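final.tsv follows; it contains TSV, C-alpha atoms.
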chain	number	residue	atom	x	y	z
A	1	MET	CA	0.00	0.00	0.00
A	2	LYS	CA	3.01	2.31	-0.19
A	3	ASN	CA	2.10	5.74	-1.57
A	4	LYS	CA	-1.57	4.78	-1.76
A	5	VAL	CA	-4.14	7.01	-0.01
A	6	ALA	CA	-6.82	6.05	2.49
A	7	ILE	CA	-9.68	7.93	4.14
A	8	VAL	CA	-10.87	6.74	7.55
A	9	THR	CA	-13.93	8.35	9.12
A	10	GLY	CA	-14.47	8.30	12.86
A	11	ALA	CA	-10.71	7.87	13.28
A	12	GLY	CA	-10.34	9.91	16.44
A	13	SER	CA	-10.57	6.83	18.65
A	14	GLY	CA	-11.52	3.16	18.80
A	15	ILE	CA	-11.84	1.10	15.65
A	16	GLY	CA	-11.29	4.08	13.34
A	17	ARG	CA	-8.00	5.01	14.98
A	18	GLU	CA	-6.73	1.44	14.75
A	19	VAL	CA	-7.75	1.24	11.08
A	20	ALA	CA	-5.89	4.48	10.34
A	21	LEU	CA	-2.78	3.20	12.12
A	22	ALA	CA	-3.01	-0.12	10.27
A	23	PHE	CA	-3.19	1.59	6.87
A	24	ALA	CA	-0.20	3.72	7.83
A	25	ALA	CA	1.76	0.65	8.93
A	26	LYS	CA	1.31	-0.70	5.40
A	27	GLY	CA	2.76	2.50	3.94
A	28	ALA	CA	-0.43	4.33	2.97
A	29	ASN	CA	-0.98	8.04	3.42
A	30	VAL	CA	-4.02	8.51	5.64
A	31	VAL	CA	-6.68	11.19	5.84
A	32	VAL	CA	-8.10	11.02	9.35
A	33	SER	CA	-11.58	12.44	9.87
A	34	ASP	CA	-13.87	12.83	12.86
A	35	VAL	CA	-15.96	15.41	14.69
A	36	ASP	CA	-13.61	14.99	17.66
A	37	ASP	CA	-10.85	17.34	16.58
A	38	GLN	CA	-8.60	16.52	19.53
A	39	GLY	CA	-8.85	12.78	19.00
A	40	GLY	CA	-8.41	13.13	15.25
A	41	ASN	CA	-5.28	15.23	15.61
A	42	GLU	CA	-3.89	12.75	18.14
A	43	THR	CA	-4.31	9.98	15.58
A	44	VAL	CA	-2.51	12.09	12.97
A	45	GLU	CA	0.33	12.73	15.40
A	46	MET	CA	0.66	8.99	16.07
A	47	ILE	CA	0.86	8.26	12.34
A	48	ASN	CA	3.31	11.04	11.55
A	49	LYS	CA	5.59	9.89	14.38
A	50	SER	CA	5.62	6.42	12.81
A	51	GLY	CA	7.08	7.82	9.60
A	52	SER	CA	3.95	7.74	7.48
A	53	LYS	CA	1.97	10.78	6.37
A	54	ALA	CA	-1.44	11.83	7.67
A	55	ILE	CA	-3.66	14.88	7.80
A	56	TYR	CA	-6.81	15.62	9.77
A	57	VAL	CA	-10.06	16.83	8.21
A	58	HIS	CA	-13.05	17.65	10.39
A	59	CYS	CA	-16.10	15.88	8.96
A	60	ASP	CA	-19.62	15.39	10.27
A	61	VAL	CA	-20.71	12.53	8.02
A	62	SER	CA	-24.39	13.38	8.50
A	63	LYS	CA	-23.75	16.43	6.30
A	64	GLU	CA	-23.27	15.63	2.63
A	65	GLU	CA	-21.30	18.77	1.88
A	66	GLU	CA	-18.70	17.81	4.50
A	67	CYS	CA	-18.39	14.30	3.06
A	68	LYS	CA	-17.79	15.79	-0.38
A	69	ALA	CA	-15.21	18.18	1.01
A	70	LEU	CA	-13.44	15.30	2.75
A	71	ALA	CA	-13.03	13.38	-0.51
A	72	ASP	CA	-12.04	16.49	-2.46
A	73	VAL	CA	-9.45	17.64	0.09
A	74	THR	CA	-7.94	14.16	0.10
A	75	VAL	CA	-7.32	14.30	-3.64
A	76	GLU	CA	-6.12	17.90	-3.49
A	77	LYS	CA	-3.56	16.97	-0.83
A	78	PHE	CA	-2.40	13.55	-2.02
A	79	GLY	CA	-3.45	13.46	-5.67
A	80	ARG	CA	-5.57	10.32	-5.49
A	81	LEU	CA	-7.92	8.16	-3.38
A	82	ASP	CA	-7.41	4.40	-3.21
A	83	TYR	CA	-9.11	3.19	-0.04
A	84	ALA	CA	-11.88	4.31	2.26
A	85	CYS	CA	-13.11	2.96	5.57
A	86	ASN	CA	-16.49	4.47	6.40
A	87	ASN	CA	-16.47	3.85	10.12
A	88	ALA	CA	-18.03	6.88	11.81
A	89	GLY	CA	-21.02	5.89	13.90
A	90	ILE	CA	-23.04	6.52	17.05
A	91	SER	CA	-25.02	4.19	19.29
A	92	GLY	CA	-28.12	6.32	19.89
A	93	ALA	CA	-30.85	5.97	22.49
A	94	GLN	CA	-31.91	2.67	24.02
A	95	ALA	CA	-35.66	2.06	24.07
A	96	PRO	CA	-38.34	-0.22	22.59
A	97	VAL	CA	-39.70	0.84	19.21
A	98	ALA	CA	-42.90	2.42	20.54
A	99	GLU	CA	-40.89	4.47	23.02
A	100	TYR	CA	-37.90	5.25	20.85
A	101	PRO	CA	-37.19	9.02	20.68
A	102	THR	CA	-37.80	10.25	17.16
A	103	GLU	CA	-34.95	12.74	17.40
A	104	SER	CA	-32.48	9.97	18.25
A	105	TRP	CA	-33.86	7.83	15.40
A	106	HIS	CA	-33.10	10.54	12.86
A	107	GLN	CA	-29.68	11.21	14.36
A	108	VAL	CA	-28.62	7.55	14.22
A	109	ILE	CA	-29.91	7.07	10.67
A	110	ASN	CA	-28.25	10.30	9.55
A	111	VAL	CA	-24.83	9.32	10.89
A	112	ASN	CA	-24.79	5.54	10.56
A	113	LEU	CA	-26.59	5.09	7.22
A	114	ASN	CA	-26.88	8.41	5.40
A	115	GLY	CA	-23.26	9.15	6.31
A	116	VAL	CA	-22.05	5.97	4.63
A	117	PHE	CA	-24.07	6.82	1.52
A	118	TYR	CA	-22.77	10.41	1.38
A	119	CYS	CA	-19.18	9.25	1.80
A	120	MET	CA	-19.40	6.58	-0.90
A	121	LYS	CA	-21.22	8.94	-3.26
A	122	HIS	CA	-18.23	11.29	-3.20
A	123	GLN	CA	-15.43	8.74	-2.79
A	124	ILE	CA	-16.36	6.56	-5.76
A	125	PRO	CA	-15.92	9.22	-8.51
A	126	HIS	CA	-12.31	9.79	-7.40
A	127	MET	CA	-11.64	6.04	-7.39
A	128	LEU	CA	-13.12	5.71	-10.87
A	129	LYS	CA	-10.44	8.10	-12.10
A	130	ASN	CA	-7.81	5.63	-10.85
A	131	GLY	CA	-9.58	2.68	-12.43
A	132	ASN	CA	-9.67	0.88	-9.09
A	133	GLY	CA	-10.32	1.29	-5.40
A	134	ALA	CA	-11.57	-0.48	-2.30
A	135	ILE	CA	-14.16	0.62	0.25
A	136	VAL	CA	-14.94	-0.99	3.58
A	137	ASN	CA	-18.08	0.09	5.37
A	138	ILE	CA	-18.17	-0.69	9.06
A	139	GLY	CA	-21.42	-2.46	9.75
A	140	SER	CA	-22.03	-4.63	12.78
A	141	ILE	CA	-23.29	-8.01	13.89
A	142	LEU	CA	-26.50	-5.98	14.00
A	143	SER	CA	-26.33	-5.79	10.21
A	144	LYS	CA	-27.66	-9.35	10.42
A	145	VAL	CA	-29.66	-9.75	13.64
A	146	GLY	CA	-31.79	-7.66	15.95
A	147	PHE	CA	-30.99	-6.33	19.40
A	148	PRO	CA	-33.82	-5.20	21.70
A	149	THR	CA	-33.93	-1.43	22.44
A	150	ALA	CA	-31.54	-0.60	19.55
A	151	SER	CA	-33.98	-0.29	16.64
A	152	ALA	CA	-32.36	2.72	14.98
A	153	TYR	CA	-28.88	1.24	15.16
A	154	VAL	CA	-30.10	-2.13	13.88
A	155	ALA	CA	-32.03	-0.52	11.03
A	156	ALA	CA	-29.04	1.62	10.02
A	157	LYS	CA	-26.58	-1.26	10.09
A	158	HIS	CA	-28.93	-3.50	8.09
A	159	GLY	CA	-29.12	-0.62	5.60
A	160	VAL	CA	-25.33	-0.44	5.39
A	161	ASP	CA	-25.26	-4.11	4.41
A	162	GLY	CA	-27.72	-3.56	1.56
A	163	LEU	CA	-26.00	-0.41	0.41
A	164	THR	CA	-22.67	-2.23	0.35
A	165	LYS	CA	-24.08	-5.02	-1.83
A	166	ASN	CA	-25.56	-2.55	-4.30
A	167	ALA	CA	-22.38	-0.52	-4.66
A	168	ALA	CA	-20.34	-3.68	-5.15
A	169	MET	CA	-22.63	-4.80	-7.96
A	170	GLU	CA	-22.71	-1.40	-9.63
A	171	TYR	CA	-18.96	-0.68	-9.63
A	172	GLY	CA	-17.25	-4.08	-9.57
A	173	ALA	CA	-16.67	-4.13	-13.32
A	174	GLN	CA	-15.02	-0.72	-13.02
A	175	GLY	CA	-12.45	-1.96	-10.53
A	176	ILE	CA	-13.99	-0.85	-7.25
A	177	ARG	CA	-14.60	-3.36	-4.48
A	178	VAL	CA	-16.97	-2.65	-1.60
A	179	ASN	CA	-17.32	-4.80	1.51
A	180	ASN	CA	-19.06	-4.62	4.87
A	181	VAL	CA	-17.04	-5.55	7.95
A	182	GLY	CA	-19.31	-6.49	10.84
A	183	PRO	CA	-17.78	-6.27	14.32
A	184	ALA	CA	-19.41	-7.71	17.40
A	185	PHE	CA	-19.00	-5.82	20.66
A	186	ILE	CA	-15.54	-4.26	20.65
A	187	LYS	CA	-13.73	-2.53	23.51
A	188	THR	CA	-14.09	1.07	22.33
A	189	PRO	CA	-15.31	4.37	23.84
A	190	LEU	CA	-18.83	3.48	22.58
A	191	LEU	CA	-19.02	0.96	25.43
A	192	ASN	CA	-17.81	3.32	28.14
A	193	ALA	CA	-21.36	4.17	29.22
A	194	LEU	CA	-22.14	0.52	30.06
A	195	ASP	CA	-21.89	-0.79	33.62
A	196	ASP	CA	-19.84	-3.83	34.60
A	197	ASP	CA	-22.84	-6.16	34.75
A	198	THR	CA	-23.82	-5.27	31.19
A	199	LEU	CA	-20.27	-5.68	29.92
A	200	ASN	CA	-19.99	-9.06	31.64
A	201	TYR	CA	-23.26	-10.13	30.04
A	202	LEU	CA	-22.06	-9.05	26.62
A	203	GLU	CA	-18.89	-11.09	27.05
A	204	THR	CA	-21.01	-14.19	27.64
A	205	GLN	CA	-22.79	-13.64	24.31
A	206	HIS	CA	-19.54	-14.21	22.42
A	207	PRO	CA	-18.61	-17.90	22.37
A	208	ILE	CA	-14.95	-16.94	22.28
A	209	GLY	CA	-15.48	-15.65	25.84
A	210	ARG	CA	-14.47	-12.00	25.52
A	211	LEU	CA	-15.10	-8.74	23.71
A	212	GLY	CA	-13.16	-7.88	20.59
A	213	LYS	CA	-10.21	-5.53	20.25
A	214	PRO	CA	-10.15	-2.60	17.79
A	215	GLU	CA	-6.95	-3.85	16.19
A	216	GLU	CA	-8.65	-7.17	15.36
A	217	VAL	CA	-11.19	-5.26	13.30
A	218	ALA	CA	-8.50	-3.10	11.72
A	219	THR	CA	-6.57	-6.13	10.49
A	220	LEU	CA	-9.63	-7.38	8.60
A	221	VAL	CA	-10.40	-3.94	7.15
A	222	VAL	CA	-6.91	-3.48	5.74
A	223	TRP	CA	-6.87	-7.03	4.35
A	224	ALA	CA	-10.22	-6.42	2.63
A	225	CYS	CA	-8.72	-3.36	0.93
A	226	SER	CA	-5.53	-5.14	-0.09
A	227	ASP	CA	-4.76	-6.97	-3.33
A	228	GLU	CA	-4.93	-10.22	-1.34
A	229	ALA	CA	-8.71	-9.71	-1.30
A	230	SER	CA	-8.96	-8.96	-5.02
A	231	PHE	CA	-11.95	-11.30	-5.58
A	232	VAL	CA	-13.76	-10.33	-2.37
A	233	THR	CA	-16.51	-7.79	-2.92
A	234	GLY	CA	-20.13	-7.36	-1.92
A	235	ALA	CA	-19.37	-9.46	1.14
A	236	TYR	CA	-20.35	-9.27	4.77
A	237	LEU	CA	-17.19	-10.08	6.74
A	238	PRO	CA	-17.91	-10.67	10.43
A	239	VAL	CA	-15.30	-10.25	13.14
A	240	ASP	CA	-17.46	-11.37	16.00
A	241	GLY	CA	-16.00	-14.12	18.21
A	242	ALA	CA	-18.72	-16.49	16.86
A	243	TYR	CA	-21.56	-14.23	18.07
A	244	LEU	CA	-23.59	-14.96	14.95
A	245	ALA	CA	-22.84	-18.69	15.09
A	246	ARG	CA	-25.04	-19.18	18.15

Whole structure, structure tokens version:
Amino acid sequence: MKNKVAIVTGAGSGIGREVALAFAAKGANVVVSDVDDQGGNETVEMINKSGSKAIYVHCDVSKEEECKALADVTVEKFGRLDYACNNAGISGAQAPVAEYPTESWHQVINVNLNGVFYCMKHQIPHMLKNGNGAIVNIGSILSKVGFPTASAYVAAKHGVDGLTKNAAMEYGAQGIRVNNVGPAFIKTPLLNALDDDTLNYLETQHPIGRLGKPEEVATLVVWACSDEASFVTGAYLPVDGAYLAR
């Protein structure tokens, strides 16, 4: 991946940060984006200290104009776009469907589903100019199954899976691969609000007996973008400790 260019959204912490670091470790230049400017700049600093190149671009993926600007700035700075990991996401409120706050519903859909669409819409034209490219959307185990009190998140992540399939079918012949990586529960800041009892329960739901690590997701993302995965597209790739095998 030397001298190739990758965008990673939501790269200020957690899975996104590890994905950005993993791309950099393979020699790619990385455009780090987030709404957390401090976290995003910290990721850039970590990459630049490693000897690779990175820049930070503030991007709220729920706003199409910011997603377009992110893709455009990437090409202005580095001259091309080869890889994208559309990772930015939020968990949203927790409530049964009939009690789910409408405001939180719209917020989750806007970030977790619309944001992936906006990013791909403006990433793909730049990749077409190269004649190739690879996109990984970060879905979830909840791209495939339900989870009580998380209707907006589940709906958004199911949508990401369908959107990924469509994009893969539409652009595969033009050299662009699109896959959906589906993590189970991973030790990231998204889980910080959960109490110990809930975390212990979640561990029991993974037959492997623990939660995942961000770097375990990052390894799969970078592989899916690499030439080693050249015939892998339109796929749902779980990294879930056998959660879905139950």

Of the candidates A:Val217, A:Ile176, A:Ala242, A:Ala84, which one gets nearest to Asn130 in chain A if we count only C-alpha atoms? A:Ile176

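CA of Ala11 in chain A sits 9.7 Å away from CA of Glu42 in chain A.
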
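Considering only C-alpha atoms, the residue among A:Val5, A:Ala184, A:Ala167, A:Val31 positioned nearest to Glu203 in chain A is A:Ala184.
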
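Counting from CA of Ser13 in chain A, the distance to CA of Asn112 in chain A is 16.4 Å.
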
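For Asn132 in chain A, the residues within 9 Å (counting only C-alpha atoms, excluding itself and residues fewer than 2 positions away along the chain) are Asp82, Met127, Leu128, Lys129, Asn130, Ala134, Gln174, Gly175, Ile176 and Arg177 of chain A.
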
Closest-contact table, range 114-214 of chain A side, partner range 227-232 of chain A, 12 Å, counting all atoms listed in the file, as JSON lines:
{"residue": "A:Asn132", "atom": "CA", "partner": "A:Ser230", "partner_atom": "CA", "distance": 10.7}
{"residue": "A:Gly133", "atom": "CA", "partner": "A:Asp227", "partner_atom": "CA", "distance": 10.2}
{"residue": "A:Ala134", "atom": "CA", "partner": "A:Ser230", "partner_atom": "CA", "distance": 9.3}
{"residue": "A:Ile135", "atom": "CA", "partner": "A:Val232", "partner_atom": "CA", "distance": 11.3}
{"residue": "A:Val136", "atom": "CA", "partner": "A:Val232", "partner_atom": "CA", "distance": 11.1}
{"residue": "A:Lys165", "atom": "CA", "partner": "A:Val232", "partner_atom": "CA", "distance": 11.6}
{"residue": "A:Ala168", "atom": "CA", "partner": "A:Val232", "partner_atom": "CA", "distance": 9.8}
{"residue": "A:Met169", "atom": "CA", "partner": "A:Val232", "partner_atom": "CA", "distance": 11.9}
{"residue": "A:Gly172", "atom": "CA", "partner": "A:Phe231", "partner_atom": "CA", "distance": 9.8}
{"residue": "A:Ala173", "atom": "CA", "partner": "A:Phe231", "partner_atom": "CA", "distance": 11.6}
{"residue": "A:Gly175", "atom": "CA", "partner": "A:Ser230", "partner_atom": "CA", "distance": 9.6}
{"residue": "A:Ile176", "atom": "CA", "partner": "A:Ser230", "partner_atom": "CA", "distance": 9.8}
{"residue": "A:Arg177", "atom": "CA", "partner": "A:Val232", "partner_atom": "CA", "distance": 7.3}
{"residue": "A:Val178", "atom": "CA", "partner": "A:Val232", "partner_atom": "CA", "distance": 8.4}
{"residue": "A:Asn179", "atom": "CA", "partner": "A:Val232", "partner_atom": "CA", "distance": 7.6}
{"residue": "A:Asn180", "atom": "CA", "partner": "A:Val232", "partner_atom": "CA", "distance": 10.6}
{"residue": "A:Val181", "atom": "CA", "partner": "A:Val232", "partner_atom": "CA", "distance": 11.8}

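Reported to one decimal place, the separation of CA of Glu215 in chain A from CA of Ala6 in chain A is 16.9 Å.
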
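For the choices A:Ser52, A:Thr43, A:Ser91, A:Thr102, the atom-to-atom distance to Thr188 in chain A is smallest for A:Ser91 when using only C-alpha atoms.
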
Since the input is missing atoms, can you rebuild N, CA and C atoms for range 174-194 of chain A and write them as a short mmCIF file (atom, residue, chain, number, x, y, z; two decimals), keeping the file's coordinate frame?
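Contents of rebuild_13.cif, as written:
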data_model
loop_
_atom_site.label_atom_id
_atom_site.label_comp_id
_atom_site.auth_asym_id
_atom_site.auth_seq_id
_atom_site.Cartn_x
_atom_site.Cartn_y
_atom_site.Cartn_z
N GLN A 174 -15.87 -1.90 -12.82
CA GLN A 174 -15.02 -0.72 -13.02
C GLN A 174 -13.85 -0.68 -12.02
N GLY A 175 -13.65 -1.82 -11.36
CA GLY A 175 -12.45 -1.96 -10.53
C GLY A 175 -12.59 -1.55 -9.08
N ILE A 176 -13.80 -1.28 -8.64
CA ILE A 176 -13.99 -0.85 -7.25
C ILE A 176 -14.67 -1.96 -6.45
N ARG A 177 -14.04 -2.36 -5.37
CA ARG A 177 -14.60 -3.36 -4.48
C ARG A 177 -15.18 -2.69 -3.24
N VAL A 178 -16.31 -3.22 -2.77
CA VAL A 178 -16.97 -2.65 -1.60
C VAL A 178 -17.41 -3.80 -0.69
N ASN A 179 -16.97 -3.77 0.55
CA ASN A 179 -17.32 -4.80 1.51
C ASN A 179 -17.82 -4.20 2.82
N ASN A 180 -18.50 -5.01 3.58
CA ASN A 180 -19.06 -4.62 4.87
C ASN A 180 -18.41 -5.47 5.95
N VAL A 181 -17.64 -4.86 6.81
CA VAL A 181 -17.04 -5.55 7.95
C VAL A 181 -17.96 -5.38 9.15
N GLY A 182 -18.33 -6.52 9.77
CA GLY A 182 -19.31 -6.49 10.84
C GLY A 182 -18.74 -6.89 12.19
N PRO A 183 -18.30 -5.93 12.99
CA PRO A 183 -17.78 -6.27 14.32
C PRO A 183 -18.90 -6.65 15.28
N ALA A 184 -18.55 -7.49 16.23
CA ALA A 184 -19.41 -7.71 17.40
C ALA A 184 -19.11 -6.59 18.39
N PHE A 185 -19.27 -6.86 19.67
CA PHE A 185 -19.00 -5.82 20.66
C PHE A 185 -17.49 -5.71 20.88
N ILE A 186 -16.98 -4.52 20.63
CA ILE A 186 -15.54 -4.26 20.65
C ILE A 186 -15.24 -3.26 21.77
N LYS A 187 -14.12 -3.44 22.43
CA LYS A 187 -13.73 -2.53 23.51
C LYS A 187 -13.34 -1.17 22.93
N THR A 188 -14.31 -0.28 22.84
CA THR A 188 -14.09 1.07 22.33
C THR A 188 -14.81 2.06 23.23
N PRO A 189 -14.60 3.37 23.03
CA PRO A 189 -15.31 4.37 23.84
C PRO A 189 -16.84 4.27 23.75
N LEU A 190 -17.38 3.64 22.68
CA LEU A 190 -18.83 3.48 22.58
C LEU A 190 -19.39 2.66 23.74
N LEU A 191 -18.56 1.82 24.34
CA LEU A 191 -19.02 0.96 25.43
C LEU A 191 -18.78 1.56 26.81
N ASN A 192 -18.17 2.73 26.85
CA ASN A 192 -17.81 3.32 28.14
C ASN A 192 -19.00 3.60 29.03
N ALA A 193 -20.18 3.82 28.43
CA ALA A 193 -21.36 4.17 29.22
C ALA A 193 -21.99 2.94 29.88
N LEU A 194 -21.54 1.74 29.53
CA LEU A 194 -22.14 0.52 30.06
C LEU A 194 -21.55 0.15 31.41
#
